[in-house]
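A.B. asks: Sharing a structure below in structure tokens format, with a few things to ask.
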Amino acid sequence: MMRLSVQENAFDFGAEANAFAAGAAGAGAIVTFTGLVRDDGGAVQGLMIEHYPGMTERAIAAMMTEAFRRFGLLDALVIHRFGRLGPADAIMMVATAAAHRADAFAAAEFLMDYLKSRAPFWKQEIGPQGAKWVAAKVQDETALKRW
Amino acid sequence: MIEVLYFSWLRERIGTNREQIHTSAATVGDLIKELAAMDEGHALAFADRTSLRVALDQELADFSAPLAGVREVAFFPPMTGG
């Protein structure tokens, strides 16, 4: 069982986390992560996130299936937004449910590492000088090697 | 006939998010050469291939991958999700 949503609208992190916990029958551990838009001291007024409809869902579903297999998950949730976001807005969240915390934490990190550089999203930072595409970091690519 | 999609700054440099291309290119690399020769925008978009990624029918692929049977090719810079 897993749920995946690629959406333009904001989501309610608390409500999603509670609903996920309520549905994760038999779990002894739930890990949640949410990523927010940093304002970098006022230098970033917002983000514009572009994605590849169709491939995005396929790529994330494949990562989630792999996370289930590797970590024996009982449930997983990925929500990722696209479109225009403001400072401190939640960009995405991951939730994982497992019998024990080690697997739940590891699966959440695995999903985050893959979402960073294998899900077809591209971030553009909106600042006082206009819009600028965010460059991928070398660390994001090397982070995949540990899996 | 193949559908070619562009994202992020490739889309901006080329000036469109998709185009239909008649091609006999055997591989992704051959197609890149053809596209880069089309005009200045395409040439600029394909100038630095180290910052280029490709997906064939929505699966990541290499530049050496064959195009036989492929309907949709997408070009984009390294992804920045999460």
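Ordering of the structure tokens sets the chain letters (A, B, ...); residue numbers start at 1 within each chain; ligands are numbered from 1 in the order shown.
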If you take only C-alpha atoms and a cut-off of 9 Å, which residues of chain B touch chain A, and what are their nearest atom pairs and distances in Å to one decimal, in chain and number order, as JSON lines?
C.D. replies:
```
{"residue": "B:Phe7", "atom": "CA", "partner": "A:Tyr52", "partner_atom": "CA", "distance": 7.7}
{"residue": "B:Ser8", "atom": "CA", "partner": "A:Trp122", "partner_atom": "CA", "distance": 6.3}
{"residue": "B:Trp9", "atom": "CA", "partner": "A:Trp133", "partner_atom": "CA", "distance": 7.4}
{"residue": "B:Ala55", "atom": "CA", "partner": "A:Met55", "partner_atom": "CA", "distance": 8.8}
{"residue": "B:Asp57", "atom": "CA", "partner": "A:Met55", "partner_atom": "CA", "distance": 8.3}
{"residue": "B:Gln58", "atom": "CA", "partner": "A:Met55", "partner_atom": "CA", "distance": 4.9}
{"residue": "B:Glu59", "atom": "CA", "partner": "A:Met55", "partner_atom": "CA", "distance": 7.2}
{"residue": "B:Leu60", "atom": "CA", "partner": "A:Arg118", "partner_atom": "CA", "distance": 8.7}
{"residue": "B:Ala74", "atom": "CA", "partner": "A:Tyr52", "partner_atom": "CA", "distance": 9.0}
{"residue": "B:Phe76", "atom": "CA", "partner": "A:Pro120", "partner_atom": "CA", "distance": 8.6}
{"residue": "B:Pro77", "atom": "CA", "partner": "A:Trp122", "partner_atom": "CA", "distance": 8.2}
{"residue": "B:Pro78", "atom": "CA", "partner": "A:Ala136", "partner_atom": "CA", "distance": 5.9}
{"residue": "B:Met79", "atom": "CA", "partner": "A:Ser117", "partner_atom": "CA", "distance": 5.0}
{"residue": "B:Thr80", "atom": "CA", "partner": "A:Trp122", "partner_atom": "CA", "distance": 4.9}
{"residue": "B:Gly81", "atom": "CA", "partner": "A:Lys116", "partner_atom": "CA", "distance": 4.3}
{"residue": "B:Gly82", "atom": "CA", "partner": "A:Lys116", "partner_atom": "CA", "distance": 4.6}
```
A.B. asks: Keeping only N, CA and C atoms, write the selected residues as a PDB file, in the first residue's frame.
C.D. replies:
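And here is the file that came out, out_11.pdb:
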```pdb
ATOM      1  N   PHE B   7      12.590  20.667 -21.095  1.00  0.00           N
ATOM      2  CA  PHE B   7      12.223  21.225 -19.795  1.00  0.00           C
ATOM      3  C   PHE B   7      13.286  22.204 -19.307  1.00  0.00           C
ATOM      4  N   SER B   8      12.867  23.037 -18.343  1.00  0.00           N
ATOM      5  CA  SER B   8      13.754  23.971 -17.653  1.00  0.00           C
ATOM      6  C   SER B   8      14.462  24.881 -18.671  1.00  0.00           C
ATOM      7  N   TRP B   9      15.779  25.103 -18.489  1.00  0.00           N
ATOM      8  CA  TRP B   9      16.440  26.064 -19.379  1.00  0.00           C
ATOM      9  C   TRP B   9      16.616  25.554 -20.804  1.00  0.00           C
ATOM     10  N   ALA B  55      15.380  11.273 -21.361  1.00  0.00           N
ATOM     11  CA  ALA B  55      14.454  10.186 -21.039  1.00  0.00           C
ATOM     12  C   ALA B  55      13.800   9.717 -22.333  1.00  0.00           C
ATOM     13  N   ASP B  57      10.618   7.631 -23.697  1.00  0.00           N
ATOM     14  CA  ASP B  57       9.309   7.167 -23.231  1.00  0.00           C
ATOM     15  C   ASP B  57       9.237   7.179 -21.705  1.00  0.00           C
ATOM     16  N   GLN B  58       9.728   8.280 -21.128  1.00  0.00           N
ATOM     17  CA  GLN B  58       9.625   8.575 -19.701  1.00  0.00           C
ATOM     18  C   GLN B  58      10.515   7.726 -18.795  1.00  0.00           C
ATOM     19  N   GLU B  59      11.564   7.111 -19.386  1.00  0.00           N
ATOM     20  CA  GLU B  59      12.568   6.389 -18.589  1.00  0.00           C
ATOM     21  C   GLU B  59      13.927   6.999 -18.894  1.00  0.00           C
ATOM     22  N   LEU B  60      14.735   7.266 -17.847  1.00  0.00           N
ATOM     23  CA  LEU B  60      16.075   7.815 -18.064  1.00  0.00           C
ATOM     24  C   LEU B  60      16.896   6.879 -18.944  1.00  0.00           C
ATOM     25  N   ALA B  74      12.672  13.128 -24.159  1.00  0.00           N
ATOM     26  CA  ALA B  74      12.682  14.371 -23.375  1.00  0.00           C
ATOM     27  C   ALA B  74      14.115  14.727 -23.009  1.00  0.00           C
ATOM     28  N   PHE B  76      16.496  17.437 -20.691  1.00  0.00           N
ATOM     29  CA  PHE B  76      16.403  18.350 -19.545  1.00  0.00           C
ATOM     30  C   PHE B  76      17.725  18.385 -18.792  1.00  0.00           C
ATOM     31  N   PRO B  77      17.941  19.408 -17.960  1.00  0.00           N
ATOM     32  CA  PRO B  77      19.142  19.451 -17.130  1.00  0.00           C
ATOM     33  C   PRO B  77      18.989  18.493 -15.944  1.00  0.00           C
ATOM     34  N   PRO B  78      20.078  18.273 -15.174  1.00  0.00           N
ATOM     35  CA  PRO B  78      19.966  17.425 -13.982  1.00  0.00           C
ATOM     36  C   PRO B  78      18.803  17.888 -13.096  1.00  0.00           C
ATOM     37  N   MET B  79      18.108  16.930 -12.527  1.00  0.00           N
ATOM     38  CA  MET B  79      16.864  17.213 -11.802  1.00  0.00           C
ATOM     39  C   MET B  79      17.144  17.809 -10.421  1.00  0.00           C
ATOM     40  N   THR B  80      16.235  18.639  -9.971  1.00  0.00           N
ATOM     41  CA  THR B  80      16.397  19.298  -8.668  1.00  0.00           C
ATOM     42  C   THR B  80      15.096  19.210  -7.872  1.00  0.00           C
ATOM     43  N   GLY B  81      14.725  17.968  -7.557  1.00  0.00           N
ATOM     44  CA  GLY B  81      13.504  17.769  -6.770  1.00  0.00           C
ATOM     45  C   GLY B  81      13.778  17.807  -5.277  1.00  0.00           C
ATOM     46  N   GLY B  82      12.821  17.328  -4.522  1.00  0.00           N
ATOM     47  CA  GLY B  82      12.951  17.230  -3.068  1.00  0.00           C
ATOM     48  C   GLY B  82      12.742  18.537  -2.352  1.00  0.00           C
TER      49      GLY B  82
END
```
A.B. asks: Run DSSP on the backbone of this structure and report the residues of chain B it assigns to alpha helix (DSSP H), as a list of chain:residue names.
C.D. replies: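 After running DSSP on the backbone, chain B has alpha helix (DSSP H) at B:Ser8, B:Trp9, B:Leu10, B:Arg11, B:Glu12, B:Arg13, B:Ile14, B:Val28, B:Gly29, B:Asp30, B:Leu31, B:Ile32, B:Lys33, B:Glu34, B:Leu35, B:Ala36, B:Glu40, B:Gly41, B:His42, B:Ala43, B:Leu44, B:Ala45.
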A.B. asks: Find the residues near range 97-104 of chain A: any atom within 6 Å, counting only C-alpha atoms, skip ones fewer than 2 places away on the same chain, and give them as a list in words.
C.D. replies: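 Within the cut-off, the hits are Ala27, Gly28, Ala29, Ile30, Val31, Phe71, Leu73, Leu74, Asp75, Ala106 and Ala107 of chain A.
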A.B. asks: A:Gln139, A:Asp89, A:Gly72, A:Glu8: which is nearest Gly46 in chain A, counting only C-alpha atoms?
C.D. replies: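 The shortest atom-to-atom distance to Gly46 in chain A comes from A:Asp89.
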A.B. asks: If we count only C-alpha atoms and set the cut-off at 9 Å, which residues sit around range 11-17 of chain B, ignoring sequence neighbours fewer than 2 positions away in its own chain? Please answer as a count of residues only.
C.D. replies: 16
A.B. asks: Quick one: residues within 10 Å of Ser24 in chain B, only C-alpha atoms, excluding same-chain residues fewer than 5 positions away - as a PyMOL selection string?
C.D. replies: chain B and resi 1-2+30-31+34+67-68
